[in-house]
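J.: The following block contains the structure, expressed as structure tokens.
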Amino acid sequence: MEVFLQQLINGLTLGSIYGLIAIGYTMVFGIIGMVNFAHGDVFMVSSFIALIVFLILTAWLGISSIALALLIVLVVAMILTGLWGWAIERVAYRPLRGSFRLAPLISAIGVSIFLSNFVQVAQGARNKSTPPLLSGGITLMESESYTVFLSYKQCLIMAVTAVLLTGFWYLVQRTPFGRAQRACEQDRKMAALLGIDVDRTISLTFVLGAALAAVAGVLYLLYYGTVSFSDGFVPGVKAFTAAVLGGIGSLPGAVLGGLIIGLIEVFWSAYFSIEYKDVAAFSILAIVLIFMPSGILGRAEVEKV
Amino acid sequence: MAPARSPGLPDILRDAGLYALVAFALCVPVVSYRTEAGPAGLELLPRWPLVGLLCAGIFVLRLAQRLVLARRDARRALIPAPSQATEAVHAEPAAGQTVSGFALWAFLGLALTLPVIATLASGGLGPARYWIDLGILILTYVMLGWGLNIVVGLAGLLDLGYVAFYAVGAYTYALLSTTFGLSFWVCLPLAGLFAGLWGMVLGFPVLRLRGDYLAIVTLAFGEIIRLVLINWTDVTGGAAGISSIPRASFFGIPFTADEDGFAARFGLSFDSMHRVVFLYYLILALALLTNLVTLRLRRLPIGRAWEALREDEIACRSLGIDTTATKLTAFALGAAFGGFAGSFFAVRQGFISPESFNFLESAIILAIVVLGGMGSQIGVAIAAVAMVGGPELLRNLGFLSAVFGEGFDPNEYRLLLFGLAMVTMMVWRPRGLISERQPSVSLGRARGISGAHVSEGHG
């Protein structure tokens, strides 16, 4: 029971991070119908941005309040990563709109390879680790052999995720931008005829997706305390799995999928084998795509001939 | 429609300046500070000159690009645009998109005589080793490209996990030869058979998927196979891999210095290069076999069914083509050639580990097929030379360290440039280098058409 509860907490924490990344996949797929393969690497870049900004703040500017430093790191990482998302869309995807179907996917694979190697060249191949931040936590349950521990980090991660998702949901459901975004998702041509700047909306979608990935990147760095240039691929694929599992194109679905994937991964590692946890994630991806391609909350795709 | 006002120089300068500004913002902080592990945790090393250099580079590149584009637009504005409809039907491939018959034979001739040329040029078999090894490497990728071309180029099924079959082939040979002592010539067909079988096994569940989803599921399968190879330590040796795999023999005659060896039997003085040259011709033969089979299959009903499937799956089904069998044969055949290439890889290296079969390899092979112009055999070969041989040039750019300072290793930038090249190619020429298509069946004279009229990715 105690083990179960502890793993539940860990799984929800991990799932929050996956959910934040998954939103980027699901929004981009919803609006232009492409798998933004480079999204996982954008997440990794944001982690590096966060790491460096954090070092500048603490080591050089001497900000001692961890809360203030984290807030600044979060904002700066969101802005800079959003810029990365914008630039990538502008350079690598926009010229390919209207090209044949596979062109954007291949271009995205190119961007993914570029980003991870760019960071490798710029920052070196070693793992970068930060000193542990925000240690401590709350002991929820104690028995002789096992203690269920909810660390402040995990509280923070879940709280930040919840707050941001609420804000994001408001943005998509209640603001003019959100309306434009949903309109483009339904029918890009019609939206353009009604005076919506489709290019701008798509750009903003990429910026928002990247900004949420940046939040995930900051939280990932906070949680694990280490990051390397190759850390984008596997979380990226898992977040994509989450997006597919929840129903691609659906925002609540992405979060739900993220939580499920996080839980499955953590429970699998705890009860079966830690070596095969990635195999489990990849297998879920394959199984969902094959047997349930519209996911849990997605709409079934109707094919018109 | 009013002609768009051609941008003036100030506009272009401002645009380039904007690009440089964005590049600057992107470089802060990832490039401007390098994190290094110091005695008290991570330390930051500022590198602002590098950022300045990068931004200046972006500025110049964008400026050049805009100027070239402006000139092209000005030139085009003078020519009245031909009517779209008639152009689309009869469009001939643009210049530079076809390869003449002579170039084809020259290419083949060069491939056949490379060891001789390399030996003559570098004065001896030993010094020619570098070139022959490079040839083997390129030909391996040519073969993999041609194998994947069956799946992606002909049948239009985007496969991101092709390297799994390469791995199956390599491990089949490695395991059979180290445990049962079977020779390479027995294992080669077996490796192809096993890989083909795996192609069927993995192809079966994905029959209903198309496009991006198919790509992602094949990627997942590729990763699963790699992870199993890493973790199933009892059989595969885990991350350490399998070493001391037996070498290939000349149809039973080993390449050794003793009496029964190749050199002694044929009255030559022993030279370890004999084996390398033999491997070169072996992979050349395997690659040409792949090519031959593909070219012949394209003329058979199955090949035509593949191409029909690529163009329109629903039309295919309504015409009574068995799409299940069509897709599975494409998967199996492509995988079988991947398996052949894999067992060749194992016999050449003598050592294999799961690290050789990661996603990046799949991406490289796919990039070769796409850059070559999906479906074009010679295009794939040219792309393989460019993508695999090109990075080798980087090794020889030692003089750059004089410009960028000591410790500058051009080889680090290999994959960086590789990713950039993929994006650039897609933006600049999404149809690949050779985008001409020859109809497989024609009434009267076969006429090449531009690849822009061929669709793909609906598999």
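Labels for the structure tokens follow display order: chains A, B, ..., residues from 1 in each chain, ligands from 1.
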Give me the residues within 12 Å of A:Phe229 as a PyMOL selection string, counting only C-alpha atoms and dropping any in the same chain fewer than 4 places off.

T.: (chain A and resi 40-49+112-128+233-234) or (chain B and resi 30)

J.: For stretch 280-285 of chain A, find every residue with an atom within 6 Å (counting only C-alpha atoms), except residues of its own chain fewer than 3 positions away, and show them as a list in words.

T.: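 The filter keeps Thr241, Lys277 and Val288 of chain A; Ala220 of chain B.
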
J.: Using only C-alpha atoms, which protein or nucleic acid residues come within 6 Å of stretch 25-32 of chain A? Drop anything in the same chain fewer than 3 positions from it, and give the result as a list in words.

T.: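 Counting only C-alpha atoms, the residues come to Ala22, Val35, Glu185, Ala243, Ile248 and Gly249 of chain A.
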
J.: Write out as a PyMOL selection string each polymer residue whose atoms come within 9 Å of stretch 339-346 of chain B, counting only C-alpha atoms; drop sequence neighbours fewer than 3 positions from it.

T.: chain B and resi 140-141+143-144+163-174+184+187-196+245+247-248+279+282-283+286-287+334-336+349-352

J.: Atoms to include: N, CA and C atoms. Write the selected residues as a CSV table (one decimal), in the first residue's frame.

T.:
```csv
chain,number,residue,atom,x,y,z
B,140,THR,N,27.6,0.2,-48.4
B,140,THR,CA,26.6,-0.4,-47.5
B,140,THR,C,25.4,0.5,-47.4
B,141,TYR,N,25.6,1.8,-47.4
B,141,TYR,CA,24.5,2.7,-47.3
B,141,TYR,C,23.7,2.8,-48.6
B,143,MET,N,23.2,0.2,-50.4
B,143,MET,CA,22.4,-1.0,-50.4
B,143,MET,C,21.2,-0.8,-49.4
B,144,LEU,N,21.5,-0.2,-48.3
B,144,LEU,CA,20.4,0.0,-47.3
B,144,LEU,C,19.4,1.0,-47.9
B,163,VAL,N,16.3,0.3,-39.5
B,163,VAL,CA,17.6,-0.2,-38.9
B,163,VAL,C,17.4,-1.4,-38.1
B,164,ALA,N,16.1,-1.7,-37.6
B,164,ALA,CA,15.8,-2.9,-36.9
B,164,ALA,C,16.1,-4.1,-37.7
B,165,PHE,N,15.8,-4.1,-39.0
B,165,PHE,CA,16.1,-5.2,-39.8
B,165,PHE,C,17.6,-5.4,-40.1
B,166,TYR,N,18.3,-4.3,-40.2
B,166,TYR,CA,19.7,-4.3,-40.3
B,166,TYR,C,20.3,-5.0,-39.1
B,167,ALA,N,19.7,-4.6,-37.9
B,167,ALA,CA,20.2,-5.2,-36.7
B,167,ALA,C,19.9,-6.7,-36.6
B,168,VAL,N,18.7,-7.1,-37.1
B,168,VAL,CA,18.3,-8.5,-37.1
B,168,VAL,C,19.3,-9.3,-38.0
B,169,GLY,N,19.6,-8.8,-39.1
B,169,GLY,CA,20.6,-9.4,-40.0
B,169,GLY,C,21.9,-9.6,-39.4
B,170,ALA,N,22.4,-8.5,-38.7
B,170,ALA,CA,23.7,-8.5,-38.1
B,170,ALA,C,23.8,-9.5,-37.0
B,171,TYR,N,22.7,-9.5,-36.1
B,171,TYR,CA,22.7,-10.4,-35.0
B,171,TYR,C,22.5,-11.8,-35.4
B,172,THR,N,21.7,-12.0,-36.5
B,172,THR,CA,21.6,-13.4,-37.0
B,172,THR,C,22.9,-14.0,-37.3
B,173,TYR,N,23.7,-13.3,-38.1
B,173,TYR,CA,25.0,-13.8,-38.5
B,173,TYR,C,25.9,-14.0,-37.3
B,174,ALA,N,25.9,-12.9,-36.4
B,174,ALA,CA,26.8,-13.0,-35.3
B,174,ALA,C,26.5,-14.1,-34.4
B,184,PHE,N,29.8,-17.8,-43.1
B,184,PHE,CA,29.1,-16.6,-43.6
B,184,PHE,C,28.1,-16.9,-44.8
B,187,CYS,N,25.0,-18.3,-43.5
B,187,CYS,CA,24.2,-17.3,-42.7
B,187,CYS,C,23.6,-16.2,-43.5
B,188,LEU,N,24.3,-15.8,-44.6
B,188,LEU,CA,23.8,-14.7,-45.4
B,188,LEU,C,22.4,-14.9,-45.8
B,189,PRO,N,22.0,-16.0,-46.5
B,189,PRO,CA,20.6,-16.2,-46.9
B,189,PRO,C,19.7,-16.3,-45.6
B,190,LEU,N,20.2,-16.9,-44.6
B,190,LEU,CA,19.4,-17.0,-43.4
B,190,LEU,C,19.1,-15.7,-42.8
B,191,ALA,N,20.1,-14.8,-42.8
B,191,ALA,CA,20.0,-13.5,-42.2
B,191,ALA,C,18.9,-12.7,-43.0
B,192,GLY,N,18.9,-12.8,-44.3
B,192,GLY,CA,17.9,-12.2,-45.1
B,192,GLY,C,16.6,-12.8,-44.8
B,193,LEU,N,16.5,-14.1,-44.7
B,193,LEU,CA,15.2,-14.8,-44.4
B,193,LEU,C,14.6,-14.3,-43.1
B,194,PHE,N,15.5,-14.3,-42.0
B,194,PHE,CA,15.0,-13.9,-40.7
B,194,PHE,C,14.5,-12.4,-40.7
B,195,ALA,N,15.3,-11.6,-41.4
B,195,ALA,CA,15.0,-10.1,-41.4
B,195,ALA,C,13.7,-10.0,-42.2
B,196,GLY,N,13.5,-10.7,-43.3
B,196,GLY,CA,12.3,-10.7,-44.0
B,196,GLY,C,11.1,-11.1,-43.2
B,245,ILE,N,33.5,-12.0,-34.1
B,245,ILE,CA,32.7,-12.7,-35.1
B,245,ILE,C,33.6,-13.2,-36.2
B,247,ARG,N,35.5,-14.1,-39.6
B,247,ARG,CA,35.6,-13.3,-40.8
B,247,ARG,C,35.0,-14.0,-42.0
B,248,ALA,N,34.8,-13.3,-43.1
B,248,ALA,CA,34.3,-13.9,-44.3
B,248,ALA,C,35.5,-14.7,-45.0
B,279,LEU,N,35.8,-7.9,-49.6
B,279,LEU,CA,34.6,-7.3,-49.0
B,279,LEU,C,34.0,-6.2,-49.8
B,282,LEU,N,32.1,-7.8,-52.5
B,282,LEU,CA,31.0,-8.5,-52.0
B,282,LEU,C,29.8,-7.5,-51.8
B,283,ILE,N,30.1,-6.4,-51.2
B,283,ILE,CA,29.0,-5.5,-50.9
B,283,ILE,C,28.5,-4.8,-52.2
B,286,LEU,N,26.2,-7.3,-53.6
B,286,LEU,CA,24.9,-7.3,-52.9
B,286,LEU,C,24.1,-6.1,-53.3
B,287,ALA,N,24.8,-5.0,-53.3
B,287,ALA,CA,24.0,-3.7,-53.7
B,287,ALA,C,23.4,-3.9,-55.1
B,334,GLY,N,12.0,-5.4,-48.4
B,334,GLY,CA,12.9,-4.3,-48.0
B,334,GLY,C,13.7,-4.8,-46.7
B,335,ALA,N,13.0,-5.5,-45.8
B,335,ALA,CA,13.6,-6.0,-44.6
B,335,ALA,C,14.7,-7.0,-45.0
B,336,ALA,N,14.4,-7.9,-45.9
B,336,ALA,CA,15.4,-8.9,-46.3
B,336,ALA,C,16.7,-8.3,-46.8
B,349,GLN,N,32.8,-5.8,-39.7
B,349,GLN,CA,33.3,-5.2,-38.4
B,349,GLN,C,33.9,-6.2,-37.5
B,350,GLY,N,33.4,-7.5,-37.5
B,350,GLY,CA,33.8,-8.4,-36.5
B,350,GLY,C,33.3,-8.2,-35.1
B,351,PHE,N,32.6,-7.1,-35.0
B,351,PHE,CA,32.1,-6.7,-33.7
B,351,PHE,C,30.8,-5.9,-33.9
B,352,ILE,N,29.7,-6.3,-33.1
B,352,ILE,CA,28.5,-5.5,-33.2
B,352,ILE,C,28.0,-5.2,-31.8
```

J.: Using only C-alpha atoms, which of the listed residues (A:Phe272, A:Phe37, A:Tyr220, A:Tyr93) sits closest to A:Ser16?

T.: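 Smallest distance to A:Ser16 is found for A:Tyr220.
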
J.: DSSP on the backbone, helix (DSSP H, G or I) only: what residues of stretch 23-197 of chain A does that give? Format it as a ChimeraX atom specification.

T.: /A:23-32,39-60,66-96,102-123,152-174,176-186,188-193

J.: Please list as a list in words every residue within 8 Å of B:Leu214, counting only C-alpha atoms and excluding residues in the same chain fewer than 4 positions away.

T.: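 So, after excluding close chain neighbours, the residues are Leu157, Leu158, Asp159, Val206, Leu209, Arg210 and Thr218 of chain B.
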
J.: Using only C-alpha atoms and a distance of at most 7 Å, pull out the residues of chain B that contact chain A, as a list in words.

T.: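 Residues passing the distance filter: Leu26, Pro29, Val30, Val31, Arg34, Thr35, Pro205, Val206, Leu209, Asp212, Tyr213, Val217, Ala220, Ile224, Leu227, Asn231, Glu412, Leu415, Leu416, Gly419, Leu420, Met422, Val423, Met426, Val427, Pro430 and Gly457 of chain B.
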
J.: Please provide the set of residues having any atom within 10 Å of B:Tyr162, restricted to only C-alpha atoms, with same-chain residues fewer than 5 positions apart removed, written as a ChimeraX atom specification.

T.: /B:144-145,147-148,151,167,199,218-219,221-222,331,334-335,338-339,357,359,361-363,365-366

J.: Once DSSP has gone over the backbone, tell me which residues of stretch 87-283 of chain A are in strand (DSSP E), as a VMD selection string.

T.: chain A and resid 128 to 129 137 to 142 147 to 151 226 to 227

J.: Write to file, as a compact mmCIF listing (two decimals), in the first residue's frame, the residues of the selection just made, with N, CA and C atoms.

T.:
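Saved as selection28.txt:
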```txt
# COMPACT_ATOMS: atom_id res chain seq x y z
N LYS A 128 24.99 17.44 -17.45
CA LYS A 128 25.16 18.63 -16.62
C LYS A 128 24.25 18.47 -15.41
N SER A 129 24.83 18.62 -14.23
CA SER A 129 23.95 18.49 -13.07
C SER A 129 23.98 19.74 -12.22
N GLY A 137 10.45 17.92 2.29
CA GLY A 137 9.11 17.56 1.87
C GLY A 137 8.26 17.16 3.05
N ILE A 138 7.16 16.53 2.71
CA ILE A 138 6.21 16.17 3.75
C ILE A 138 6.15 14.65 3.84
N THR A 139 6.21 14.12 5.02
CA THR A 139 6.03 12.69 5.19
C THR A 139 4.54 12.41 5.36
N LEU A 140 4.00 11.69 4.42
CA LEU A 140 2.56 11.48 4.43
C LEU A 140 2.17 10.29 5.29
N MET A 141 2.97 9.25 5.25
CA MET A 141 2.57 8.03 5.92
C MET A 141 3.84 7.32 6.34
N GLU A 142 3.82 6.74 7.48
CA GLU A 142 5.03 6.11 7.93
C GLU A 142 4.71 4.73 8.48
N THR A 147 8.41 4.62 4.02
CA THR A 147 7.87 5.94 4.29
C THR A 147 7.36 6.54 2.99
N VAL A 148 6.14 7.02 3.00
CA VAL A 148 5.63 7.70 1.82
C VAL A 148 5.98 9.17 1.96
N PHE A 149 6.69 9.66 0.97
CA PHE A 149 7.28 10.98 1.07
C PHE A 149 6.84 11.82 -0.11
N LEU A 150 6.27 12.97 0.17
CA LEU A 150 5.90 13.89 -0.90
C LEU A 150 6.85 15.07 -0.82
N SER A 151 7.78 15.16 -1.77
CA SER A 151 8.76 16.23 -1.66
C SER A 151 8.16 17.54 -2.14
N THR A 226 19.60 16.91 -13.53
CA THR A 226 20.64 16.68 -14.52
C THR A 226 20.04 16.67 -15.91
N VAL A 227 20.83 17.10 -16.89
CA VAL A 227 20.32 17.12 -18.26
C VAL A 227 21.49 16.90 -19.21
```

J.: Between atom CA of B:Phe251 and atom CA of B:Leu125, what is the spacing in Å?

T.: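 Answer for the atom CA of B:Leu125 to atom CA of B:Phe251 separation: 21.9 Å.
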
J.: Counting only C-alpha atoms, what is within 8 Å of A:Ile21, bar same-chain residues fewer than 6 positions away, as a list in words?

T.: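 In the requested format, the answer is His39, Gly40, Phe43, Gly209, Leu212, Ala213, Ala216, Gly236 and Ala239 of chain A.
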
J.: Since we have the selection now, will you write its residues out, keeping C-alpha atoms, as a PDB file, in the first residue's frame?

T.:
```
ATOM      1  CA  HIS A  39       9.425  18.997 -30.038  1.00  0.00           C
ATOM      2  CA  GLY A  40      11.292  16.683 -27.675  1.00  0.00           C
ATOM      3  CA  PHE A  43      12.158  20.558 -24.537  1.00  0.00           C
ATOM      4  CA  GLY A 209       3.727  24.692 -27.498  1.00  0.00           C
ATOM      5  CA  LEU A 212       4.842  24.795 -22.340  1.00  0.00           C
ATOM      6  CA  ALA A 213       7.705  22.497 -23.271  1.00  0.00           C
ATOM      7  CA  ALA A 216       8.342  21.007 -18.650  1.00  0.00           C
ATOM      8  CA  GLY A 236       9.644  13.428 -26.667  1.00  0.00           C
ATOM      9  CA  ALA A 239       4.971  12.679 -24.672  1.00  0.00           C
TER      10      ALA A 239
END
```

J.: If I take atom CA of B:Ser32 and atom CA of B:Gly52, how far is one from the other in Å, to one decimal?

T.: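 Taking atom CA of B:Ser32 as the start and atom CA of B:Gly52 as the end point, the length is 9.3 Å.
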
J.: Quick one: pull the distance between atom CA of B:Asp322 and atom CA of B:Gly156, Å, one decimal.

T.: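 Interatomic distance, atom CA of B:Asp322 to atom CA of B:Gly156: 15.6 Å.
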
J.: Smallest atom-to-atom distance to B:Glu355: which of B:Leu229, B:Arg304, B:Pro10, B:Ile150, using only C-alpha atoms?

T.: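 Selected residue with least distance to B:Glu355: B:Leu229.
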
J.: Restricting the calculation to only C-alpha atoms, which member of B:Gly373, B:Pro254, B:Gly153, B:Gly238 is positioned closest to B:Ser183?

T.: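 Using only C-alpha atoms, the shortest distance to B:Ser183 belongs to B:Pro254.
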